[in-house]
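Here's the structure, in structure tokens; my notes come after.
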Protein chains: 2
Amino acid sequence: MLQLQHFFDKLKVEKQGGNKMLENIAILKDFTESEKKNLFNTLLSKPNYFTKNAMIAYSLNNTDLIGIIIQGEGQILRYDYNGSRTVIDTLKPGSIFSNLFLSTYNSEVIVTAITDCEVIFFSYEELKERCQKGSPIANHFLINLFQIVINQNVNQSERIELLTKRSIRDKLLTYFNYLSRKYSSKSFDLNTSYTLLADYLAVDRSALMRELKHLKEEGFIKEVNKRITLIS
Amino acid sequence: MLQLQHFFDKLKVEKQGGNKMLENIAILKDFTESEKKNLFNTLLSKPNYFTKNAMIAYSLNNTDLIGIIIQGEGQILRYDYNGSRTVIDTLKPGSIFSNLFLSTYNSEVIVTAITDCEVIFFSYEELKERCQKGSPIANHFLINLFQIVINQNVNQSERIELLTKRSIRDKLLTYFNYLSRKYSSKSFDLNTSYTLLADYLAVDRSALMRELKHLKEEGFIKEVNKRITLIS
DNA sequence: AATAAAATGTTGCAATTGCAACATTTTTTT
DNA sequence: AAAAAAATGTTGCAATTGCAACATTTTATT
């Protein structure tokens, strides 16, 4: 008990933080304050607080709960048939996670807090029931949820597009072209670390650095301080 | 016109086919006959027929239409920054496709018929409106749609898991372990061609064959006629 | 039944990549 | 301000992979 109290003392997230932090939570988009209050009194669980490195969920199997990160960051990790650990996803405020979105045939999947964080849960079955009873609030909530899942889908499609490229060079050029289109400019900042980019593209980091150097030497790109310029 | 008539003559799909073919369409799951009739009179478009190799949709951009394959097969293709063509997805009866699920930053994406097929469209905005007006049928339809998108999500996650493996050996073993869990057996049939499997894992087909041979030689697996047995 | 098309299986070779092992710089934590 | 941790940058080397180019078998089409 004392131990637990100690954890709570260290929590960096505000337990009674105002509603400002709820502003950026996609699933609560376009709800009035009173509608939010209604949601918190019915569908949504009380806030759950987790300290850094704590386990948020273990073997989500056999529940239909969907978690929403309100504050802090988490990670979804998978432990493989051979014991290797990989990061499936990084969770930021507004991210959702659930067993519903994971393969039933997956190996062990756990969700952990990488910083102190606040999480809310709700039951998907309960949401469906409320929708079928005609609740406009539940309906709106479902449509917001759907939008999040669609966005996840789009992000996964983009990553698959990159991962199916056969060489690091092609992965990088495809990724850079994508960013160039996104920002409508031949120049753009990579706002990620090379370490994370290598993970994202599923290649060895040192091999990525090497290929980047080659692309510069051969005049395909310029790069200064993580700012890339496509040439051609 | 004659030309067009000629196309229709060749159509392999039944234009007035009974409702049997609608049985397996996931988005129509658990609707009564009269509810289906209602959907076909309101939200859903008339059936569209496409002949083999015809273009079903080109640059889906700027519409919110979602297509449902009723009969036949299609493919979603992407043309890259360097002109290379890749298959994003193969569409079977019950599959859906829409610009909503694709990155806005993608290069040209087109949908084509690989056999004669029948397709129905609906507007996502219209579906949302009907839901918000409290239509139970629209609501049920949205939940079915959501389930399909969740399944796509799960499938994409599985593929990403495989694609992030660094070697062909690891990809194959992870895939085989997945099938083994799925069928709860050390032995299972690969019901796909090696050509397609190599595409799915984004590796060279001949390299895949070679690695498969090595796995057999080294005693990790047995393989007879596309039936794999895991040894350990 | 004949022909065409697709899938399977194999191999040599060159190019790419992962891995290991560093030094150096930047960022974070104490 | 010092120490620790994380990220960047580099290189040699061996292993893996893609590619090209076949022969053979199976499946689909006419």
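Numbering starts fresh at 1 for the residues of each chain in the structure tokens, the chains themselves are lettered A, B, ... in the order given, and ligands are numbered from 1 as they appear.
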Give me, as an MDAnalysis selection string, all polymer residues having an atom no more than 10 Å from DT25 (chain C), counting only C-alpha atoms (C1' of nucleotides) and skipping those fewer than 2 positions away in the same chain. (chainID C and resid 23 27) or (chainID D and resid 7:9)
For a quick test of understanding: name the residues of chain C lying within 9 Å of chain B when counting only C-alpha atoms (C1' of nucleotides), and present them as number ranges by chain.
C: 7-10, 18
At most 8 Å to chain A: residues in chain B, only C-alpha atoms, as a PyMOL selection string
chain B and resi 81+88+100-103+105-106+128+131-132+134-136+139-140+143+146+149-161+163-166+174+177-178+181-182+201-203
Could you name the residues that touch DT29 (chain C) at 12 Å or less, counting only C-alpha atoms (C1' of nucleotides), but leaving out those on the same chain fewer than 5 positions away, as an MDAnalysis selection string?
-> chainID D and resid 2:6
Neighbours of DA15 (chain C) within 12 Å (only C-alpha atoms (C1' of nucleotides); same-chain residues fewer than 6 positions away dropped), as a compact mmCIF listing (two decimals) with C-alpha atoms (C1' of nucleotides), in the first residue's frame?
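Output file out_35.txt is given in full below:
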```txt
# COMPACT_ATOMS: atom_id res chain seq x y z
CA SER A 167 15.94 -2.04 -51.31
C1' DT D 16 21.63 -13.03 -47.53
C1' DT D 17 19.18 -11.63 -51.24
C1' DG D 18 17.71 -10.03 -55.78
C1' DC D 19 18.25 -10.64 -60.44
```
Computed gap from CA of Val109 (chain A) to CA of Asn191 (chain A) is 28.2 Å
- Who sits within 8 Å of Leu127 (chain B), only C-alpha atoms (C1' of nucleotides), same chain under 5 positions skipped, as a ChimeraX atom specification: /B:43,122,138,142
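The coordinates place CA of Ser98 (chain A) at 15.7 Å from CA of Glu118 (chain A).
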Just list the residues in region 7-205 of chain B DSSP gives helix (DSSP H, G or I) on the backbone, as a ChimeraX atom specification. /B:7-10,20-24,26-28,33-41,99-101,124-132,136-163,168-182,194-201,205
Strand (DSSP E or B) per DSSP on the backbone: members of region 88-228 of chain A, as a CSV table (one decimal) with N, CA and C atoms, in the first residue's frame:
```csv
chain,number,residue,atom,x,y,z
A,88,ILE,N,4.8,-2.9,-31.8
A,88,ILE,CA,3.7,-2.9,-32.8
A,88,ILE,C,3.3,-1.4,-33.0
A,89,ASP,N,3.2,-0.7,-31.9
A,89,ASP,CA,2.7,0.7,-32.1
A,89,ASP,C,3.0,1.5,-30.9
A,90,THR,N,3.2,2.8,-31.1
A,90,THR,CA,3.4,3.7,-30.0
A,90,THR,C,2.1,4.5,-29.8
A,91,LEU,N,1.7,4.6,-28.6
A,91,LEU,CA,0.4,5.3,-28.3
A,91,LEU,C,0.6,6.7,-27.7
A,96,ILE,N,-5.9,4.8,-29.5
A,96,ILE,CA,-6.7,3.8,-28.9
A,96,ILE,C,-6.0,2.4,-29.1
A,97,PHE,N,-6.4,1.5,-28.3
A,97,PHE,CA,-5.8,0.2,-28.4
A,97,PHE,C,-6.8,-0.8,-27.9
A,98,SER,N,-6.8,-2.0,-28.6
A,98,SER,CA,-7.7,-3.0,-28.2
A,98,SER,C,-7.3,-4.3,-28.8
A,109,VAL,N,0.8,-10.3,-26.6
A,109,VAL,CA,0.8,-8.9,-26.8
A,109,VAL,C,0.6,-8.1,-25.5
A,110,ILE,N,1.4,-7.2,-25.2
A,110,ILE,CA,1.2,-6.4,-24.0
A,110,ILE,C,1.2,-4.9,-24.3
A,111,VAL,N,0.6,-4.1,-23.4
A,111,VAL,CA,0.6,-2.7,-23.5
A,111,VAL,C,1.3,-2.1,-22.3
A,112,THR,N,2.3,-1.3,-22.5
A,112,THR,CA,3.0,-0.7,-21.3
A,112,THR,C,3.0,0.8,-21.4
A,113,ALA,N,3.2,1.4,-20.2
A,113,ALA,CA,3.3,2.8,-20.1
A,113,ALA,C,4.8,3.2,-20.3
A,117,CYS,N,1.0,7.7,-17.3
A,117,CYS,CA,-0.2,8.0,-18.2
A,117,CYS,C,-1.5,7.7,-17.7
A,118,GLU,N,-2.5,8.3,-18.3
A,118,GLU,CA,-3.9,8.2,-17.9
A,118,GLU,C,-4.7,7.5,-19.0
A,119,VAL,N,-5.5,6.6,-18.7
A,119,VAL,CA,-6.1,5.8,-19.7
A,119,VAL,C,-7.6,5.6,-19.3
A,120,ILE,N,-8.5,5.6,-20.3
A,120,ILE,CA,-9.9,5.4,-20.1
A,120,ILE,C,-10.3,4.2,-21.0
A,121,PHE,N,-11.2,3.4,-20.5
A,121,PHE,CA,-11.7,2.2,-21.2
A,121,PHE,C,-13.2,2.3,-21.5
A,122,PHE,N,-13.6,1.6,-22.6
A,122,PHE,CA,-15.0,1.4,-22.7
A,122,PHE,C,-15.2,0.1,-23.5
A,123,SER,N,-16.4,-0.4,-23.3
A,123,SER,CA,-16.7,-1.7,-23.9
A,123,SER,C,-17.4,-1.5,-25.3
A,187,SER,N,11.7,20.3,-50.4
A,187,SER,CA,12.4,20.3,-49.2
A,187,SER,C,11.5,20.1,-48.0
A,188,PHE,N,11.9,19.4,-47.0
A,188,PHE,CA,11.1,19.1,-45.9
A,188,PHE,C,12.0,18.6,-44.7
A,189,ASP,N,11.5,18.7,-43.5
A,189,ASP,CA,12.2,18.2,-42.4
A,189,ASP,C,11.8,16.8,-42.0
A,221,ILE,N,19.8,13.4,-53.5
A,221,ILE,CA,19.2,14.3,-52.4
A,221,ILE,C,20.3,15.2,-51.8
A,222,LYS,N,19.8,16.3,-51.2
A,222,LYS,CA,20.7,17.0,-50.3
A,222,LYS,C,20.2,16.8,-48.9
A,223,GLU,N,21.0,16.8,-47.9
A,223,GLU,CA,20.6,16.7,-46.5
A,223,GLU,C,21.4,17.5,-45.6
A,224,VAL,N,20.8,18.4,-44.9
A,224,VAL,CA,21.5,19.2,-43.9
A,224,VAL,C,20.7,19.2,-42.6
A,227,ARG,N,17.2,18.0,-42.7
A,227,ARG,CA,16.3,18.6,-43.7
A,227,ARG,C,16.7,18.1,-45.1
A,228,ILE,N,15.7,17.4,-45.8
A,228,ILE,CA,16.0,16.7,-47.0
A,228,ILE,C,15.5,17.6,-48.2
```
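Here CA of Thr229 (chain B) is placed at a distance of 23.6 Å from C1' of DT25 (chain D).
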With a distance cut-off of 12 Å and only C-alpha atoms (C1' of nucleotides), select the neighbouring residues of DA20 (chain D), excluding the residue or stretch itself and same-chain residues fewer than 3 positions from it, and output the selection as a PDB file with C-alpha atoms (C1' of nucleotides), in the first residue's frame.
```
ATOM      1  CA  SER B 206      13.422 -17.694 -56.311  1.00  0.00           C
TER       2      SER B 206
ATOM      3  C1'  DT C  11      21.656 -22.005 -60.164  1.00  0.00           C
ATOM      4  C1'  DG C  12      25.579 -18.553 -60.692  1.00  0.00           C
ATOM      5  C1'  DC C  13      26.792 -14.194 -59.670  1.00  0.00           C
ATOM      6  C1'  DA C  14      26.927  -9.531 -58.094  1.00  0.00           C
TER       7       DA C  14
END
```
8 Å contact set for region 26-29 of chain D, only C-alpha atoms (C1' of nucleotides), chain neighbours under 6 positions out, as a tab-separated table (two decimals) with N, CA and C atoms (P, O5', C5', C4', C3', O3' and C1' of nucleotides), in the first residue's frame:
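The new file selection_8.tsv reads:
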```tsv
chain	number	residue	atom	x	y	z
C	4	DA	P	0.32	-21.37	-79.22
C	4	DA	O5'	-0.16	-20.78	-77.82
C	4	DA	C5'	-1.51	-20.35	-77.67
C	4	DA	C4'	-1.71	-19.86	-76.25
C	4	DA	C3'	-0.59	-18.94	-75.74
C	4	DA	O3'	-1.23	-17.83	-75.15
C	4	DA	C1'	-0.89	-20.76	-74.25
C	5	DA	P	-0.40	-16.67	-74.45
C	5	DA	O5'	-0.48	-17.07	-72.92
C	5	DA	C5'	-1.78	-17.21	-72.32
C	5	DA	C4'	-1.60	-17.63	-70.88
C	5	DA	C3'	-0.62	-16.75	-70.10
C	5	DA	O3'	-1.31	-16.36	-68.93
C	5	DA	C1'	-0.09	-19.04	-69.82
C	6	DA	P	-0.65	-15.34	-67.87
C	6	DA	O5'	-0.31	-16.30	-66.64
C	6	DA	C5'	-1.36	-17.14	-66.14
C	6	DA	C4'	-0.74	-18.16	-65.21
C	6	DA	C3'	0.19	-17.54	-64.16
C	6	DA	O3'	-0.30	-17.93	-62.90
C	6	DA	C1'	1.20	-19.42	-65.19
C	7	DA	P	0.39	-17.53	-61.51
C	7	DA	O5'	1.19	-18.84	-61.12
C	7	DA	C5'	0.48	-20.06	-60.98
C	7	DA	C4'	1.49	-21.16	-60.72
C	7	DA	C3'	2.47	-20.88	-59.59
C	7	DA	O3'	2.40	-21.96	-58.69
C	7	DA	C1'	3.62	-21.60	-61.52
```
